[in-house]
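Shown next: input.cif, given as mmCIF, C-alpha atoms, pLDDT in the B column; chains and numbers go by the auth columns.
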data_protein
#
loop_
_atom_site.group_PDB
_atom_site.id
_atom_site.type_symbol
_atom_site.label_atom_id
_atom_site.label_comp_id
_atom_site.label_asym_id
_atom_site.label_seq_id
_atom_site.Cartn_x
_atom_site.Cartn_y
_atom_site.Cartn_z
_atom_site.B_iso_or_equiv
_atom_site.auth_seq_id
_atom_site.auth_asym_id
ATOM 1 C CA MET A 1 111.652 49.355 143.572 43.00 861 G
ATOM 2 C CA GLY A 2 111.824 45.563 143.641 48.00 862 G
ATOM 3 C CA SER A 3 108.935 45.331 146.112 52.00 863 G
ATOM 4 C CA GLU A 4 106.121 45.828 143.577 60.00 864 G
ATOM 5 C CA ARG A 5 103.684 42.979 143.548 85.00 865 G
ATOM 6 C CA LEU A 6 103.103 41.185 140.287 87.00 866 G
ATOM 7 C CA ASP A 7 99.324 41.614 140.534 89.00 867 G
ATOM 8 C CA GLU A 8 99.690 45.398 140.931 90.00 868 G
ATOM 9 C CA ILE A 9 102.020 45.624 137.932 91.00 869 G
ATOM 10 C CA LEU A 10 99.748 43.539 135.735 92.00 870 G
ATOM 11 C CA LYS A 11 96.627 45.388 136.875 93.00 871 G
ATOM 12 C CA ALA A 12 98.246 48.720 135.995 94.00 872 G
ATOM 13 C CA ALA A 13 99.355 47.450 132.595 93.00 873 G
ATOM 14 C CA ALA A 14 95.978 45.825 131.801 94.00 874 G
ATOM 15 C CA ASP A 15 94.516 48.883 130.103 96.00 875 G
ATOM 16 C CA ARG A 16 94.788 49.775 126.416 96.00 876 G
ATOM 17 C CA THR A 17 95.717 53.429 127.048 97.00 877 G
ATOM 18 C CA ARG A 18 98.348 52.465 129.629 97.00 878 G
ATOM 19 C CA LEU A 19 99.831 49.941 127.220 97.00 879 G
ATOM 20 C CA ARG A 20 100.043 52.675 124.586 97.00 880 G
ATOM 21 C CA LEU A 21 101.823 54.915 127.101 98.00 881 G
ATOM 22 C CA LEU A 22 104.243 52.158 128.109 97.00 882 G
ATOM 23 C CA ASN A 23 104.931 51.464 124.443 97.00 883 G
ATOM 24 C CA LEU A 24 105.986 55.072 123.800 97.00 884 G
ATOM 25 C CA LEU A 25 107.944 55.320 127.043 96.00 885 G
ATOM 26 C CA ARG A 26 110.138 52.431 125.866 94.00 886 G
ATOM 27 C CA LEU A 27 111.935 55.142 123.862 93.00 887 G
ATOM 28 C CA GLY A 28 112.860 57.242 126.917 93.00 888 G
ATOM 29 C CA GLY A 29 111.447 60.164 128.856 95.00 889 G
ATOM 30 C CA ILE A 30 108.474 61.931 127.280 95.00 890 G
ATOM 31 C CA CYS A 31 106.527 64.961 128.486 94.00 891 G
ATOM 32 C CA VAL A 32 102.846 64.589 129.361 94.00 892 G
ATOM 33 C CA CYS A 33 101.953 67.191 126.726 92.00 893 G
ATOM 34 C CA ASP A 34 103.767 65.200 124.027 94.00 894 G
ATOM 35 C CA LEU A 35 102.123 61.948 125.088 95.00 895 G
ATOM 36 C CA GLN A 36 98.744 63.684 124.978 94.00 896 G
ATOM 37 C CA ALA A 37 99.412 65.047 121.501 92.00 897 G
ATOM 38 C CA VAL A 38 100.582 61.718 120.092 95.00 898 G
ATOM 39 C CA LEU A 39 97.811 59.611 121.619 96.00 899 G
ATOM 40 C CA ARG A 40 95.201 62.289 120.855 94.00 900 G
ATOM 41 C CA ILE A 41 93.483 61.964 124.202 95.00 901 G
ATOM 42 C CA PRO A 42 92.790 64.690 126.801 95.00 902 G
ATOM 43 C CA GLN A 43 95.656 65.686 129.096 92.00 903 G
ATOM 44 C CA PRO A 44 93.741 64.823 132.305 94.00 904 G
ATOM 45 C CA THR A 45 93.193 61.309 130.943 96.00 905 G
ATOM 46 C CA VAL A 46 96.900 60.916 130.186 96.00 906 G
ATOM 47 C CA SER A 47 97.813 62.205 133.639 95.00 907 G
ATOM 48 C CA ARG A 48 95.372 59.843 135.346 96.00 908 G
ATOM 49 C CA HIS A 49 96.798 56.823 133.516 97.00 909 G
ATOM 50 C CA LEU A 50 100.384 57.910 134.196 97.00 910 G
ATOM 51 C CA ALA A 51 99.528 58.268 137.894 96.00 911 G
ATOM 52 C CA ALA A 52 98.280 54.670 137.926 96.00 912 G
ATOM 53 C CA LEU A 53 101.492 53.502 136.247 96.00 913 G
ATOM 54 C CA ARG A 54 103.576 55.520 138.709 95.00 914 G
ATOM 55 C CA HIS A 55 101.646 54.111 141.675 94.00 915 G
ATOM 56 C CA ALA A 56 102.378 50.576 140.400 93.00 916 G
ATOM 57 C CA GLY A 57 106.088 51.401 140.183 92.00 917 G
ATOM 58 C CA LEU A 58 106.290 51.247 136.384 95.00 918 G
ATOM 59 C CA VAL A 59 107.168 54.866 135.610 96.00 919 G
ATOM 60 C CA THR A 60 108.962 57.775 137.225 95.00 920 G
ATOM 61 C CA ASP A 61 108.309 61.460 136.775 94.00 921 G
ATOM 62 C CA SER A 62 110.608 64.463 136.847 93.00 922 G
ATOM 63 C CA ARG A 63 110.096 68.149 136.238 92.00 923 G
ATOM 64 C CA LYS A 64 112.147 69.732 133.426 88.00 924 G
ATOM 65 C CA GLY A 65 111.289 73.416 133.624 87.00 925 G
ATOM 66 C CA THR A 66 107.564 73.599 132.956 88.00 926 G
ATOM 67 C CA ARG A 67 107.453 70.078 131.513 89.00 927 G
ATOM 68 C CA MET A 68 106.577 66.955 133.508 91.00 928 G
ATOM 69 C CA VAL A 69 108.552 64.119 131.953 95.00 929 G
ATOM 70 C CA TYR A 70 107.737 60.444 132.500 96.00 930 G
ATOM 71 C CA ALA A 71 110.060 57.498 131.899 96.00 931 G
ATOM 72 C CA LEU A 72 110.023 53.772 132.536 94.00 932 G
ATOM 73 C CA VAL A 73 111.578 52.562 135.775 92.00 933 G
ATOM 74 C CA SER A 74 114.762 50.624 135.092 87.00 934 G
ATOM 75 C CA ALA A 75 114.310 46.940 134.333 82.00 935 G
ATOM 76 C CA THR A 76 117.041 46.291 136.885 81.00 936 G
ATOM 77 C CA ALA A 77 114.469 47.190 139.568 79.00 937 G
ATOM 78 C CA GLY A 78 113.199 43.632 139.547 86.00 938 G
ATOM 79 C CA PRO A 79 112.318 40.520 137.599 89.00 939 G
ATOM 80 C CA HIS A 80 108.659 41.506 137.186 89.00 940 G
ATOM 81 C CA LEU A 81 109.584 44.741 135.420 90.00 941 G
ATOM 82 C CA ARG A 82 112.195 43.005 133.303 91.00 942 G
ATOM 83 C CA ALA A 83 109.610 40.420 132.195 91.00 943 G
ATOM 84 C CA LEU A 84 106.994 43.101 131.451 93.00 944 G
ATOM 85 C CA TYR A 85 109.467 45.127 129.362 92.00 945 G
ATOM 86 C CA GLU A 86 110.476 42.009 127.430 94.00 946 G
ATOM 87 C CA LEU A 87 106.798 41.334 126.736 94.00 947 G
ATOM 88 C CA LEU A 88 106.284 44.923 125.554 94.00 948 G
ATOM 89 C CA ASP A 89 109.376 44.726 123.341 94.00 949 G
ATOM 90 C CA ARG A 90 108.041 41.564 121.715 95.00 950 G
ATOM 91 C CA CYS A 91 104.348 42.410 121.443 95.00 951 G
ATOM 92 C CA CYS A 92 104.070 46.160 120.852 95.00 952 G
ATOM 93 C CA PRO A 93 105.731 46.088 117.411 95.00 953 G
ATOM 94 C CA GLU A 94 103.143 43.475 116.368 95.00 954 G
ATOM 95 C CA ASP A 95 100.163 45.653 117.318 96.00 955 G
ATOM 96 C CA GLU A 96 98.791 48.017 114.660 97.00 956 G
ATOM 97 C CA GLN A 97 97.846 50.820 117.096 96.00 957 G
ATOM 98 C CA MET A 98 101.192 50.625 118.895 96.00 958 G
ATOM 99 C CA ARG A 99 103.046 50.874 115.567 96.00 959 G
ATOM 100 C CA ALA A 100 100.887 53.846 114.572 96.00 960 G
ATOM 101 C CA ASP A 101 101.578 55.603 117.887 97.00 961 G
ATOM 102 C CA MET A 102 105.316 55.039 117.472 95.00 962 G
ATOM 103 C CA ALA A 103 105.220 56.352 113.901 95.00 963 G
ATOM 104 C CA HIS A 104 103.214 59.414 114.967 95.00 964 G
ATOM 105 C CA PHE A 105 105.706 60.143 117.759 95.00 965 G
ATOM 106 C CA ARG A 106 108.696 59.767 115.425 92.00 966 G
ATOM 107 C CA GLU A 107 107.051 62.144 112.935 92.00 967 G
ATOM 108 C CA ALA A 108 106.373 64.669 115.692 92.00 968 G
ATOM 109 C CA VAL A 109 109.987 64.479 116.913 91.00 969 G
ATOM 110 C CA ALA A 110 111.272 64.918 113.355 90.00 970 G
ATOM 111 C CA ALA A 111 108.945 67.918 112.902 89.00 971 G
ATOM 112 C CA GLY A 112 110.110 69.397 116.212 89.00 972 G
ATOM 113 C CA THR A 113 106.657 69.369 117.799 87.00 973 G
ATOM 114 C CA CYS A 114 107.604 66.674 120.363 87.00 974 G
ATOM 115 C CA ARG A 115 110.875 65.672 121.934 88.00 975 G
ATOM 116 C CA LEU A 116 112.434 62.680 123.589 87.00 976 G
ATOM 117 C CA GLU A 117 114.277 63.194 126.873 85.00 977 G
ATOM 118 C CA THR A 118 116.866 60.436 126.678 71.00 978 G
ATOM 119 C CA GLU A 119 119.172 62.005 129.258 56.00 979 G
ATOM 120 C CA GLY A 120 118.191 60.798 132.695 47.00 980 G
ATOM 121 C CA SER A 121 115.796 58.138 131.441 44.00 981 G
ATOM 122 C CA GLU A 122 116.178 55.018 133.528 43.00 982 G
ATOM 123 C CA ALA A 123 115.137 52.424 130.991 42.00 983 G
ATOM 124 C CA PRO A 124 117.427 51.480 128.109 42.00 984 G
ATOM 125 C CA LEU A 125 116.264 52.082 124.558 42.00 985 G
ATOM 126 C CA PRO A 126 114.580 48.862 123.418 45.00 986 G
ATOM 127 C CA GLU A 127 115.898 46.978 120.438 45.00 987 G
ATOM 128 C CA GLY A 128 114.490 48.340 117.202 48.00 988 G
ATOM 129 C CA ALA A 129 113.106 51.482 118.842 47.00 989 G
ATOM 130 C CA GLN A 130 115.716 53.965 117.644 44.00 990 G
ATOM 131 C CA LEU A 131 114.387 57.212 116.271 41.00 991 G
ATOM 132 C CA GLN A 132 116.832 57.453 113.359 34.00 992 G
ATOM 133 C CA GLY A 133 117.011 54.924 110.595 32.00 993 G
ATOM 134 C CA ASN A 134 114.346 52.578 111.910 33.00 994 G
ATOM 135 C CA PRO A 135 110.898 53.427 110.606 32.00 995 G
ATOM 136 C CA ALA A 136 107.925 52.033 112.443 33.00 996 G
#
Represent the structure of the file as structure tokens.
Amino acid sequence: MGSERLDEILKAAADRTRLRLLNLLRLGGICVCDLQAVLRIPQPTVSRHLAALRHAGLVTDSRKGTRMVYALVSATAGPHLRALYELLDRCCPEDEQMRADMAHFREAVAAGTCRLETEGSEAPLPEGAQLQGNPA
């Protein structure tokens, strides 16, 4: 995975919806249907943006029964990914929409309408992104 070009990574991340997806995926693996529900955008739109992120080498996908779960590629895959994840960890909590998305996802997980697939996720849980005891 270390062969991704910096321009391809930055191009894929240079979209508001994709940044919102990357922000949520910092928590771990999340199903397309849960991402769609939290971001309140149509499922085909979510899938299209996730495909662009996957093509750039930023996310992986895996099937869990009927669910398609996406997760961030491990930061150990290369210095470009590590730098991007550090940027997301620093900047996303400062952005009002990103905080709102995170809060909405946490509420949905607590209500049982969404779930986080932490097992098998490649990326570590970012600092301050725990679901319990750390409100958005």
Taking all atoms listed in the file into account, name the residue in G:Gly917, G:Pro953, G:Gly972, G:Pro939 that is nearest to Lys871 in chain G.
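For Lys871 in chain G, the nearest of the candidates is G:Gly917.
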Neighbours of Phe965 in chain G within 9 Å (all atoms listed in the file; same-chain residues fewer than 5 positions away dropped), as a count of residues only?
10
Written as JSON, numbers by chain, what is the full residue list that the PyMOL selection byres ((chain G and resi 920) around 7) yields on the file shown?
{"G": [914, 919, 921, 922, 930, 931, 932, 933]}
Write the selection just made, keeping C-alpha atoms, as a PDB file, keeping the file's coordinate frame?
ATOM      1  CA  ARG G 914     103.576  55.520 138.709  1.00 95.00           C
ATOM      2  CA  VAL G 919     107.168  54.866 135.610  1.00 96.00           C
ATOM      3  CA  ASP G 921     108.309  61.460 136.775  1.00 94.00           C
ATOM      4  CA  SER G 922     110.608  64.463 136.847  1.00 93.00           C
ATOM      5  CA  TYR G 930     107.737  60.444 132.500  1.00 96.00           C
ATOM      6  CA  ALA G 931     110.060  57.498 131.899  1.00 96.00           C
ATOM      7  CA  LEU G 932     110.023  53.772 132.536  1.00 94.00           C
ATOM      8  CA  VAL G 933     111.578  52.562 135.775  1.00 92.00           C
TER       9      VAL G 933
END
Which residues come within 9 Å of Ala916 in chain G, counting all atoms listed in the file, excluding same-chain residues fewer than 3 positions away, as number ranges by chain?
G: 864-865, 868-873, 911-913, 919
Ground truth for the PyMOL selection byres ((chain G and resi 900-903) around 12), written as a list in words
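When the PyMOL selection byres ((chain G and resi 900-903) around 12) is applied, the selected residues are Thr877, Arg878, Arg880, Leu881, Cys891, Val892, Cys893, Asp894, Leu895, Gln896, Ala897, Val898, Leu899, Pro904, Thr905, Val906, Ser907, Arg908, His909, Leu910, Met928, Ala960, Asp961, His964 and Phe965 of chain G.
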Which residue gives the smallest distance to Gly889 in chain G among G:Val929, G:Leu866, G:Cys951, G:Ala937, with all atoms listed in the file counted?
G:Val929
